[in-house]
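Colleague: So here's coords-v8.txt (compact mmCIF, C-alpha atoms (C1' of nucleotides)).
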# COMPACT_ATOMS: atom_id res chain seq x y z
CA MET A 1 68.37 11.08 4.72
CA GLU A 2 66.72 9.27 1.85
CA ASP A 3 64.87 6.98 4.20
CA VAL A 4 63.50 10.00 5.99
CA GLU A 5 62.28 11.42 2.73
CA ARG A 6 60.58 8.17 1.81
CA ASN A 7 58.94 8.07 5.18
CA GLU A 8 57.70 11.61 4.74
CA LYS A 9 56.29 10.75 1.35
CA TYR A 10 54.59 7.68 2.68
CA LYS A 11 53.01 9.66 5.48
CA LEU A 12 51.89 12.41 3.15
CA ILE A 13 50.29 9.96 0.75
CA THR A 14 48.50 7.91 3.38
CA ARG A 15 47.63 10.40 6.09
CA ASN A 16 44.04 10.87 5.02
CA LEU A 17 43.33 7.58 3.32
CA GLU A 18 40.84 5.13 4.69
CA GLU A 19 42.46 2.13 3.04
CA VAL A 20 45.68 1.19 1.27
CA LEU A 21 45.95 -2.09 -0.63
CA THR A 22 48.52 -2.81 0.48
CA GLU A 23 50.66 -0.68 2.75
CA ASP A 24 53.68 -2.90 2.22
CA GLU A 25 53.40 -2.66 -1.53
CA LEU A 26 53.28 1.12 -1.34
CA LYS A 27 56.36 1.20 0.85
CA GLN A 28 58.16 -1.08 -1.57
CA LEU A 29 57.20 1.05 -4.54
CA LEU A 30 58.50 4.16 -2.81
CA GLU A 31 61.72 2.35 -1.99
CA SER A 32 62.17 1.24 -5.57
CA GLY A 33 62.40 4.87 -6.60
CA ARG A 34 60.17 4.29 -9.60
CA PRO A 35 57.77 7.07 -10.55
CA LEU A 36 54.28 6.87 -9.07
CA ARG A 37 51.51 7.24 -11.58
CA HIS A 38 48.18 8.04 -9.96
CA TYR A 39 44.74 8.00 -11.46
CA ILE A 40 41.18 8.53 -10.38
CA GLY A 41 38.29 8.03 -12.76
CA LEU A 42 35.13 10.10 -12.64
CA GLU A 43 31.85 9.58 -14.40
CA ILE A 44 30.47 12.64 -16.14
CA SER A 45 27.29 12.71 -14.13
CA GLY A 46 26.34 15.08 -11.38
CA LYS A 47 27.47 18.47 -10.26
CA ALA A 48 30.71 19.01 -8.39
CA HIS A 49 30.23 18.86 -4.62
CA VAL A 50 32.58 19.39 -1.68
CA GLY A 51 33.60 15.74 -1.85
CA TRP A 52 35.65 16.80 -4.85
CA VAL A 53 37.40 19.43 -2.82
CA TYR A 54 38.24 16.75 -0.30
CA MET A 55 39.48 14.51 -3.11
CA MET A 56 41.60 17.38 -4.43
CA ARG A 57 43.23 17.88 -1.06
CA ILE A 58 44.29 14.24 -1.20
CA ILE A 59 45.57 14.61 -4.75
CA LYS A 60 47.52 17.67 -3.62
CA ASP A 61 49.18 15.54 -0.95
CA PHE A 62 50.06 12.97 -3.58
CA GLN A 63 51.58 15.61 -5.82
CA GLU A 64 53.64 17.00 -3.00
CA ALA A 65 54.95 13.50 -2.48
CA GLY A 66 56.08 13.48 -6.08
CA VAL A 67 53.20 11.52 -7.55
CA GLU A 68 51.99 12.23 -11.09
CA ALA A 69 48.27 13.00 -10.92
CA ASN A 70 45.88 11.84 -13.63
CA ILE A 71 42.14 12.26 -13.77
CA LEU A 72 40.14 10.20 -16.23
CA LEU A 73 37.01 11.92 -17.48
CA ALA A 74 35.05 8.74 -17.98
CA ASP A 75 32.65 9.65 -20.75
CA TRP A 76 32.27 6.07 -22.03
CA HIS A 77 31.43 4.88 -18.53
CA THR A 78 28.83 7.60 -18.29
CA TRP A 79 27.29 6.38 -21.49
CA LEU A 80 27.34 2.74 -20.36
CA ASN A 81 25.68 3.75 -17.14
CA LYS A 82 22.93 5.70 -18.92
CA LYS A 83 23.69 8.95 -17.19
CA LEU A 84 22.84 12.45 -18.42
CA ASP A 85 20.74 12.17 -21.58
CA GLY A 86 22.11 8.72 -22.39
CA ARG A 87 24.27 9.93 -25.26
CA LEU A 88 28.01 9.57 -25.55
CA GLU A 89 28.34 12.91 -27.34
CA THR A 90 26.87 14.77 -24.39
CA ALA A 91 29.13 13.07 -21.88
CA LYS A 92 32.10 13.77 -24.11
CA ARG A 93 31.33 17.45 -24.46
CA LEU A 94 30.44 18.06 -20.81
CA GLY A 95 33.50 16.08 -19.76
CA ARG A 96 35.66 18.87 -21.06
CA ASP A 97 33.29 21.81 -20.72
CA TYR A 98 32.01 21.15 -17.25
CA PHE A 99 33.82 18.34 -15.49
CA GLU A 100 37.36 19.32 -16.26
CA GLN A 101 36.49 22.91 -15.42
CA ALA A 102 34.85 21.96 -12.13
CA LEU A 103 37.83 19.84 -11.16
CA LYS A 104 40.15 22.72 -11.92
CA ALA A 105 37.96 24.95 -9.79
CA ALA A 106 38.19 22.43 -6.96
CA ALA A 107 41.97 22.42 -7.38
CA LEU A 108 42.02 26.19 -7.02
CA CYS A 109 40.00 25.90 -3.81
CA VAL A 110 42.69 23.79 -2.19
CA GLY A 111 45.56 25.83 -3.56
CA THR A 112 47.00 23.44 -6.08
CA ASP A 113 47.88 24.25 -9.67
CA PRO A 114 45.19 22.83 -12.01
CA GLU A 115 47.66 22.75 -14.89
CA LYS A 116 49.76 20.17 -13.06
CA ILE A 117 47.00 17.59 -13.25
CA ASN A 118 46.56 15.54 -16.43
CA PHE A 119 42.99 15.38 -17.59
CA ILE A 120 42.33 12.44 -19.86
CA LEU A 121 39.06 12.19 -21.76
CA GLY A 122 38.17 8.52 -22.07
CA SER A 123 36.95 8.61 -25.65
CA GLU A 124 40.05 10.42 -26.88
CA PHE A 125 42.30 7.98 -25.09
CA TYR A 126 40.50 4.92 -26.46
CA GLU A 127 40.62 6.30 -29.95
CA LYS A 128 44.32 6.83 -29.68
CA MET A 129 44.92 3.33 -28.33
CA GLY A 130 42.61 1.67 -30.79
CA ASN A 131 42.38 -2.11 -30.74
CA ASP A 132 44.95 -2.43 -28.01
CA TYR A 133 42.55 -0.92 -25.56
CA TRP A 134 39.65 -3.18 -26.44
CA ALA A 135 41.94 -6.19 -26.34
CA LEU A 136 42.70 -5.24 -22.76
CA VAL A 137 39.00 -5.05 -21.93
CA VAL A 138 38.54 -8.54 -23.32
CA LYS A 139 41.54 -9.81 -21.39
CA VAL A 140 40.16 -8.45 -18.14
CA ALA A 141 36.74 -9.91 -18.92
CA LYS A 142 38.29 -13.31 -19.58
CA ALA A 143 40.18 -13.19 -16.31
CA THR A 144 37.13 -12.37 -14.20
CA THR A 145 34.05 -14.41 -13.38
CA ILE A 146 30.59 -12.97 -13.90
CA ALA A 147 29.84 -13.17 -10.20
CA ARG A 148 32.93 -11.15 -9.46
CA MET A 149 32.08 -8.50 -12.04
CA LEU A 150 28.57 -8.25 -10.70
CA ARG A 151 29.78 -7.69 -7.19
CA SER A 152 31.97 -4.85 -8.33
CA THR A 153 29.15 -3.09 -10.13
CA THR A 154 27.55 -1.63 -7.03
CA ILE A 155 30.07 1.15 -7.58
CA MET A 156 27.65 2.71 -9.95
CA GLY A 157 25.23 3.52 -7.21
CA ARG A 158 22.91 0.74 -8.13
CA LYS A 159 22.07 -2.46 -6.44
CA GLU A 160 23.03 -5.66 -8.20
CA THR A 161 19.39 -6.46 -8.81
CA GLU A 162 18.95 -3.22 -10.73
CA ILE A 163 21.48 -4.31 -13.28
CA SER A 164 19.68 -5.45 -16.35
CA ASP A 165 21.88 -5.04 -19.38
CA THR A 166 25.23 -6.44 -20.37
CA ALA A 167 26.81 -3.03 -20.61
CA MET A 168 26.81 -2.98 -16.85
CA LEU A 169 29.34 -5.80 -16.88
CA ILE A 170 31.53 -4.08 -19.43
CA TYR A 171 31.79 -1.09 -17.14
CA PRO A 172 34.09 -2.56 -14.49
CA ALA A 173 36.09 -4.39 -17.16
CA MET A 174 36.79 -1.04 -18.79
CA GLN A 175 37.70 0.46 -15.45
CA SER A 176 40.34 -2.20 -14.98
CA ALA A 177 41.53 -1.83 -18.56
CA ASP A 178 41.89 1.93 -17.99
CA ILE A 179 44.27 1.29 -15.14
CA PHE A 180 46.39 -1.11 -17.17
CA ALA A 181 46.30 0.97 -20.33
CA LEU A 182 47.38 4.12 -18.53
CA GLY A 183 50.17 2.30 -16.77
CA ILE A 184 48.84 3.26 -13.36
CA ASN A 185 50.51 1.97 -10.22
CA LEU A 186 48.49 4.04 -7.77
CA ALA A 187 44.77 3.60 -8.39
CA HIS A 188 42.70 6.02 -6.35
CA ALA A 189 38.96 6.11 -5.66
CA GLY A 190 36.39 6.57 -2.94
CA MET A 191 35.59 3.69 -0.62
CA ASP A 192 32.50 2.92 -2.69
CA GLN A 193 34.67 1.70 -5.54
CA ARG A 194 36.98 -0.61 -3.67
CA ASN A 195 35.49 -3.77 -5.19
CA VAL A 196 36.45 -2.85 -8.71
CA HIS A 197 40.01 -2.21 -7.60
CA VAL A 198 40.15 -5.60 -5.97
CA VAL A 199 38.94 -7.13 -9.24
CA THR A 200 41.63 -5.17 -11.06
CA ARG A 201 44.35 -6.42 -8.74
CA ASP A 202 43.19 -9.99 -9.21
CA ALA A 203 43.07 -9.57 -12.96
CA ALA A 204 46.58 -8.10 -12.87
CA LYS A 205 47.86 -11.22 -11.27
CA GLU A 206 46.07 -13.40 -13.81
CA LEU A 207 47.28 -11.35 -16.78
CA GLY A 208 50.81 -10.90 -15.58
CA PHE A 209 50.59 -7.14 -15.08
CA GLU A 210 52.04 -5.36 -12.10
CA LYS A 211 49.42 -5.16 -9.37
CA PRO A 212 48.37 -1.55 -8.99
CA ILE A 213 48.29 -0.26 -5.44
CA ALA A 214 44.72 0.70 -4.62
CA VAL A 215 44.05 3.61 -2.30
CA HIS A 216 40.63 4.64 -1.12
CA HIS A 217 39.52 7.76 0.62
CA HIS A 218 36.71 8.37 3.07
CA LEU A 219 33.38 9.37 1.62
CA LEU A 220 32.03 12.50 3.19
CA GLN A 221 28.61 11.96 4.69
CA GLY A 222 25.57 13.52 3.10
CA LEU A 223 23.93 16.23 5.16
CA LEU A 224 20.62 14.44 5.56
CA PRO A 225 19.86 12.11 8.47
CA PRO A 226 21.77 8.85 8.02
CA VAL A 227 20.05 5.66 6.95
CA LEU A 228 21.07 3.05 9.49
CA VAL A 229 21.14 -0.64 8.76
CA ASN A 230 22.27 -3.61 10.78
CA ASP A 231 25.69 -4.93 9.93
CA PRO A 232 25.18 -8.67 9.47
CA LYS A 233 28.72 -9.33 10.73
CA THR A 234 28.76 -7.38 13.96
CA GLY A 235 25.07 -6.79 14.59
CA LYS A 236 25.84 -3.13 15.13
CA LYS A 237 24.14 -0.25 13.44
CA ILE A 238 26.08 1.05 10.50
CA MET A 239 25.39 3.58 7.80
CA ASP A 240 24.15 2.47 4.44
CA ILE A 241 27.07 3.72 2.41
CA GLU A 242 25.12 4.34 -0.76
CA ALA A 243 22.30 6.10 1.01
CA ALA A 244 24.68 8.15 3.12
CA LYS A 245 26.75 9.73 0.44
CA MET A 246 26.04 13.03 -1.16
CA SER A 247 23.89 12.61 -4.18
CA LYS A 248 22.45 14.65 -6.96
CA SER A 249 19.05 13.09 -6.48
CA LYS A 250 18.98 14.71 -3.06
CA PRO A 251 20.31 18.19 -3.77
CA ASP A 252 20.17 19.26 -0.15
CA SER A 253 22.45 16.40 0.88
CA ALA A 254 25.42 18.10 -0.74
CA ILE A 255 27.08 21.47 -1.02
CA PHE A 256 28.14 22.11 -4.59
CA ILE A 257 31.37 23.95 -5.19
CA HIS A 258 29.65 26.78 -7.05
CA ASP A 259 26.81 27.22 -4.55
CA ASP A 260 26.39 30.82 -3.49
CA PRO A 261 26.80 31.83 0.17
CA GLU A 262 23.07 31.94 0.85
CA GLU A 263 22.61 28.46 -0.54
CA ILE A 264 25.50 27.16 1.54
CA LYS A 265 24.05 28.66 4.70
CA ARG A 266 20.61 27.29 3.94
CA LYS A 267 21.82 23.73 3.36
CA ILE A 268 24.16 23.67 6.35
CA ASN A 269 21.39 24.98 8.52
CA LYS A 270 19.11 22.19 7.28
CA ALA A 271 21.71 19.54 8.00
CA TYR A 272 21.18 16.78 10.52
CA CYS A 273 23.21 17.61 13.61
CA PRO A 274 22.05 16.38 17.03
CA GLU A 275 23.52 18.20 19.99
CA GLY A 276 26.25 16.32 21.82
CA VAL A 277 26.11 13.36 19.46
CA VAL A 278 29.27 12.60 17.54
CA GLU A 279 28.28 9.38 15.83
CA PHE A 280 26.81 9.60 12.32
CA ASN A 281 26.93 13.38 12.50
CA PRO A 282 27.60 14.76 9.02
CA ILE A 283 28.73 18.20 10.18
CA LEU A 284 31.32 16.69 12.48
CA ASP A 285 32.29 14.28 9.73
CA TRP A 286 33.06 17.23 7.48
CA VAL A 287 34.87 19.07 10.23
CA LYS A 288 37.02 16.04 10.93
CA HIS A 289 37.93 15.07 7.38
CA LEU A 290 37.51 18.14 5.23
CA ILE A 291 38.38 21.01 7.53
CA PHE A 292 40.96 19.49 9.88
CA PHE A 293 42.62 17.79 6.95
CA SER A 294 46.14 18.44 8.11
CA GLU A 295 48.00 19.87 11.06
CA GLY A 296 47.78 23.60 11.43
CA GLU A 297 44.16 23.86 10.31
CA THR A 298 41.87 25.97 12.43
CA LEU A 299 38.17 26.61 12.72
CA GLU A 300 36.91 29.89 14.09
CA VAL A 301 33.62 29.79 15.92
CA ARG A 302 32.02 33.16 16.39
CA ARG A 303 29.24 33.29 18.93
CA HIS A 304 27.46 35.54 21.34
CA ALA A 305 29.10 36.10 24.73
CA LYS A 306 26.16 34.49 26.50
CA PHE A 307 26.91 31.26 24.65
CA GLY A 308 30.58 31.33 25.56
CA GLY A 309 32.03 33.91 23.20
CA ASP A 310 34.30 33.39 20.20
CA ILE A 311 36.63 30.42 20.17
CA THR A 312 39.21 29.09 17.72
CA TYR A 313 39.77 25.38 17.50
CA THR A 314 43.15 24.14 16.38
CA SER A 315 42.39 20.42 16.34
CA TYR A 316 39.45 18.20 15.68
CA GLU A 317 39.88 16.31 18.93
CA GLU A 318 39.52 19.49 20.90
CA LEU A 319 36.39 20.45 19.01
CA GLU A 320 34.83 17.01 19.28
CA LYS A 321 35.38 16.98 23.02
CA ASP A 322 33.56 20.28 23.45
CA TYR A 323 30.80 19.14 21.16
CA ALA A 324 30.31 15.86 23.00
CA ASN A 325 30.17 17.76 26.28
CA LYS A 326 27.65 20.18 24.82
CA LYS A 327 30.02 23.08 25.25
CA LEU A 328 29.73 23.72 21.55
CA HIS A 329 26.21 24.16 20.26
CA PRO A 330 25.26 22.77 16.82
CA LEU A 331 24.04 26.15 15.62
CA ASP A 332 27.36 27.83 16.43
CA LEU A 333 29.26 24.99 14.80
CA LYS A 334 27.06 25.15 11.71
CA ALA A 335 27.65 28.87 11.33
CA ALA A 336 31.39 28.30 11.56
CA VAL A 337 31.33 25.48 9.03
CA ALA A 338 29.20 27.52 6.64
CA GLU A 339 31.66 30.41 6.85
CA TRP A 340 34.56 28.06 6.25
CA LEU A 341 32.85 26.64 3.17
CA ILE A 342 31.91 30.03 1.81
CA LYS A 343 35.50 31.16 2.11
CA THR A 344 37.06 27.95 0.83
CA LEU A 345 34.76 27.67 -2.16
CA GLU A 346 35.13 31.29 -3.20
CA PRO A 347 37.65 30.54 -5.99
CA ALA A 348 35.22 28.04 -7.49
CA ARG A 349 32.36 30.52 -7.48
CA LYS A 350 34.53 33.08 -9.22
CA TYR A 351 35.76 30.51 -11.70
CA PHE A 352 32.20 29.72 -12.71
CA ASP A 353 31.33 33.36 -13.27
CA GLU A 354 32.96 32.99 -16.66
CA PRO A 355 30.10 32.75 -19.22
CA ASN A 356 31.17 29.56 -21.02
CA ARG A 357 31.68 27.69 -17.76
CA LYS A 358 28.42 29.05 -16.42
CA ALA A 359 26.63 27.83 -19.55
CA ALA A 360 28.08 24.33 -19.11
CA LEU A 361 27.00 24.35 -15.47
CA ASP A 362 23.48 25.36 -16.50
CA GLU A 363 23.40 22.52 -18.99
CA ILE A 364 24.45 19.87 -16.50
CA GLU A 365 21.98 21.31 -14.04
CA ARG A 366 19.25 20.87 -16.61
CA LEU A 367 20.30 17.33 -17.49
CA THR A 368 20.46 16.14 -13.90
CA SER A 369 17.45 17.89 -12.44
CA HIS A 370 15.01 15.19 -13.45
C1' C B 1 10.45 -17.15 -30.55
C1' C B 2 6.50 -18.77 -26.76
C1' A B 3 3.92 -18.15 -22.01
C1' A B 4 2.49 -15.94 -17.41
C1' G B 5 2.50 -11.60 -14.34
C1' G B 6 3.22 -6.37 -14.18
C1' C B 7 3.12 -1.12 -16.00
C1' U B 8 -1.42 4.21 -11.12
C1' G B 9 1.27 10.80 -7.80
C1' G B 10 8.81 12.27 -6.86
C1' C B 11 9.20 6.91 -5.06
C1' A B 12 6.73 2.51 -2.97
C1' G B 13 2.00 0.60 -3.22
C1' A B 14 -4.03 -0.30 -2.66
C1' G B 15 -8.96 -0.24 -4.52
C1' C B 16 -13.00 0.55 -8.03
C1' G B 17 -16.82 0.31 -14.82
C1' G B 18 -19.22 6.28 -13.29
C1' U B 19 -18.85 10.25 -7.68
C1' U B 20 -13.22 13.44 -2.95
C1' G B 21 -6.47 8.51 -6.01
C1' A B 22 -6.20 4.52 0.45
C1' U B 23 -1.73 4.01 2.99
C1' G B 24 3.64 4.63 3.65
C1' C B 25 8.06 7.41 2.37
C1' G B 26 9.68 11.90 0.40
C1' C B 27 8.92 17.09 -0.28
C1' U B 28 6.87 22.21 1.39
C1' G B 29 4.96 25.26 5.37
C1' G B 30 3.70 25.71 10.67
C1' U B 31 4.10 24.51 16.18
C1' C B 32 7.93 22.90 19.72
C1' U B 33 13.14 22.95 21.02
C1' G B 34 19.12 28.61 20.46
C1' U B 35 20.36 24.04 14.54
C1' A B 36 18.80 19.79 12.38
C1' A B 37 16.32 15.29 13.79
C1' A B 38 11.98 13.27 16.50
C1' A B 39 6.75 14.53 17.66
C1' C B 40 2.25 16.97 16.26
C1' C B 41 -0.73 19.98 12.54
C1' A B 42 -1.50 21.55 7.42
C1' G B 43 -0.30 21.31 2.22
C1' U B 44 1.82 18.35 -2.18
C1' U B 45 -1.55 21.45 -8.11
C1' U B 46 -4.47 19.01 -14.59
C1' A B 47 -2.65 10.06 -12.00
C1' G B 48 -3.62 5.93 -14.69
C1' C B 49 2.65 3.09 -20.86
C1' C B 50 0.46 3.99 -26.07
C1' A B 51 -3.49 3.07 -29.69
C1' A B 52 -8.12 1.23 -31.22
C1' G B 53 -12.68 -0.94 -29.59
C1' U B 54 -17.07 -2.39 -26.29
C1' U B 55 -20.13 1.04 -23.28
C1' C B 56 -24.53 6.41 -21.85
C1' G B 57 -19.59 6.30 -19.34
C1' A B 58 -13.08 2.81 -18.65
C1' C B 59 -7.70 3.52 -14.84
C1' U B 60 -10.82 -0.69 -14.17
C1' C B 61 -13.49 -5.04 -19.84
C1' U B 62 -11.57 -6.65 -25.21
C1' U B 63 -7.75 -6.45 -29.07
C1' G B 64 -3.05 -4.72 -30.90
C1' G B 65 1.67 -2.40 -29.70
C1' G B 66 5.73 -0.86 -26.17
C1' C B 67 8.59 -1.71 -21.90
C1' C B 68 9.83 -4.59 -17.24
C1' U B 69 9.96 -9.32 -14.46
C1' U B 70 9.85 -14.54 -14.26
C1' G B 71 9.66 -19.12 -16.68
C1' G B 72 10.00 -21.98 -21.12
C1' A B 73 11.54 -23.23 -26.15
C1' C B 74 15.93 -23.55 -29.59
C1' C B 75 21.22 -25.28 -28.94
C1' A B 76 20.66 -31.20 -26.58
Please rewrite the model in this file as structure tokens.
Modeller:
Amino acid sequence: MEDVERNEKYKLITRNLEEVLTEDELKQLLESGRPLRHYIGLEISGKAHVGWVYMMRIIKDFQEAGVEANILLADWHTWLNKKLDGRLETAKRLGRDYFEQALKAAALCVGTDPEKINFILGSEFYEKMGNDYWALVVKVAKATTIARMLRSTTIMGRKETEISDTAMLIYPAMQSADIFALGINLAHAGMDQRNVHVVTRDAAKELGFEKPIAVHHHLLQGLLPPVLVNDPKTGKKIMDIEAAKMSKSKPDSAIFIHDDPEEIKRKINKAYCPEGVVEFNPILDWVKHLIFFSEGETLEVRRHAKFGGDITYTSYEELEKDYANKKLHPLDLKAAVAEWLIKTLEPARKYFDEPNRKAALDEIERLTSH
RNA sequence: CCAAGGCUGGCAGAGCGGUUGAUGCGCUGGUCUGUAAAACCAGUUUAGCCAAGUUCGACUCUUGGGCCUUGGACCA
């Protein structure tokens, strides 16, 4: 009975993850019966896009498996990384006024209770911990070579060569310290941040801390045509992960959670989506990961009788097969996806009707538009 | 601290003491496809890190300052 439950939990936690470091460790932790403390850290930078909704669906799974969910509003990291207007105060304020609000809105979109997630503002936490926190940062820094730190800094959406000041090296050290200081045993992030988790696990070993389990989710593709590069290992074409993800510098590459229906339709319609081609297709990527997240999901395609009439898909595989065989036209699929997004994101739009939240959204819009 | 090179449109990146800022990418619009992409056509407005000077006239020359890059010096 208990084994079954553990198995269920394991499945629930891992079913949509792209990577678990390591699976055995996670199984062991579940078996130990000790509480699972999760965390994901977010820089206070851009606007909230559908990737957050996807992330929230994963967090919801974690919670249903009994995991305690924590989100770090990383205002210090934002400051280190020179985001927004470059001031800590701004990151601090918008962390609470916009980011926490947007994350709560995303939680509402996936039907989880926002109040059951702990939101931790970095600066408040560091103040509370005082010297102990900074001692941890130093410990991590001492346990990690410069080369290693540098390699982990591509998480910030910059190439190594673009890193010019020392603060950039403090950034990953703080990220590791956050995990230790919060007593996290389930460190969660997107695939783009896996390096820093690997550094953290190595440092844990060196410092005698328990190695946190690192879990990484798939990054939803941006809507623009993919940038393909040659993989030096296999010689095959792969996507440039940094170029492919949704970004605030390319507003049409992402759907934001508070976008209005017209905006959603416009962006989806603009999206790259070659007929019959499954590979590197952002719309199908979203359908696969975001929409058919779990069993029982459906996608209704409404189309003219001359194009085959309405059809409801109950699995991604089924849909992909039709798409590959050109039985499902991109335009019909796009319309269906747009409708799904409009409906799913409705709670977020409503949430941001509230004047204070709207004002915070306007401010972040202003700070990130140029 | 010293030296060399750089700082031009959203980005990359030419040329020139004076007249229409090359080219590429991006972006916007159009044509063509039942979407997008590709292709082709059109558009992208008051560019020159700052200051002073030389000059009839400087983005282009001189000097000072700022920032970036690389190298050196100090520590040895």
Colleague: Select all residues near (6.6, 15.8, -2.9) (cut-off 8 Å, inclusive, file coordinates), counting only C-alpha atoms (C1' of nucleotides), and output them as a list of chain:residue names.
Modeller: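 Residues found, by chain and rising number: B:G10, B:G26, B:C27, B:U28, B:U44.
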Colleague: Name all residues at most 10 Å from G48 (chain B) (count all atoms listed in the file; drop same-chain ones fewer than 6 positions away) and give them as a PyMOL selection string.
Modeller: chain B and resi 7-9+21+59-60
Colleague: Mind listing as an MDAnalysis selection string which residues of chain A are within 7 Å of chain B, counting all atoms listed in the file?
Modeller: chainID A and resid 269:274 330:331
Colleague: Give me, as a list in words, all polymer residues having an atom no more than 12 Å from G53 (chain B), counting all atoms listed in the file and skipping those fewer than 3 positions away in the same chain.
Modeller: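 Here the answer would be A58, C61, U62, U63 and G64 of chain B.
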Colleague: Residues within 12 Å of His197 (chain A), please, as a PyMOL selection string. Count only C-alpha atoms (C1' of nucleotides); anything in the same chain fewer than 3 positions from it doesn't count.
Modeller: chain A and resi 19-22+39-41+148-149+151-153+155+172-180+184-194+200-204+211-216
Colleague: Have a look at CA of Gly222 (chain A) and CA of Phe119 (chain A) and let me know their distance in Å, one decimal.
Modeller: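 Between CA of Gly222 (chain A) and CA of Phe119 (chain A) the gap is 27.1 Å.
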Colleague: Got a sec: who's within 7 Å of region 62-72 of chain A, counting all atoms listed in the file, leaving out chain neighbours fewer than 2 positions off, as a list in words?
Modeller: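 Residues near the query, excluding close chain neighbours: Lys9, Leu12, Ile13, Leu36, Arg37, His38, Tyr39, Ile40, Gly41, Leu42, Ile58, Ile59, Lys60, Ala74, Ile117, Asn118, Phe119, Ile120, Leu121 and Gly122 of chain A.
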Colleague: Go through A:Thr298, A:Gln101, A:Asn356, A:Thr90 and flag the residue nearest Ala48 (chain A), using all atoms listed in the file for the distances.
Modeller: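 Closest to Ala48 (chain A) of all the choices is A:Gln101.
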Colleague: So that I can see what lies close to region 83-85 of chain A, please list as an NGL selection string the residues with an atom at most 12 Å from it, counting only C-alpha atoms (C1' of nucleotides) and leaving out residues fewer than 3 positions away in the same chain.
Modeller: :A and (43-47 or 74-80 or 88-95 or 156-157 or 248 or 363-370)
Colleague: With distances taken over all atoms listed in the file, which residue among B:A12, B:G18, B:A4, B:C75 lies nearest C56 (chain B)?
Modeller: B:G18
Colleague: Using all atoms listed in the file, which residue out of A:Glu297, A:Asp310, A:Glu279, A:Asp97 lies closest to Asp362 (chain A)?
Modeller: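 Closest to Asp362 (chain A) of all the choices is A:Asp97.
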Colleague: In terms of the shortest atom-to-atom distance over only C-alpha atoms (C1' of nucleotides), which of B:A52, B:A42, B:C11, B:C2 is closest to A73 (chain B)?
Modeller: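 Residue with the minimum atom-to-atom distance to A73 (chain B): B:C2.
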Colleague: Report, in Å to a single decimal, how far apart CA of Gly276 (chain A) and CA of Tyr323 (chain A) are.
Modeller: 5.4 Å
Colleague: Between A:Ile257, A:Leu29, A:Ile170, A:Leu219, which one has atoms that come closest to Ala348 (chain A), using only C-alpha atoms?
Modeller: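 Of all the options, A:Ile257 lies closest to Ala348 (chain A).
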Colleague: In Å, rounded to a single decimal, give me how far CA of Lys265 (chain A) is from CA of Glu339 (chain A).
Modeller: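 Taking CA of Glu339 (chain A) and CA of Lys265 (chain A), their separation equals 8.1 Å.
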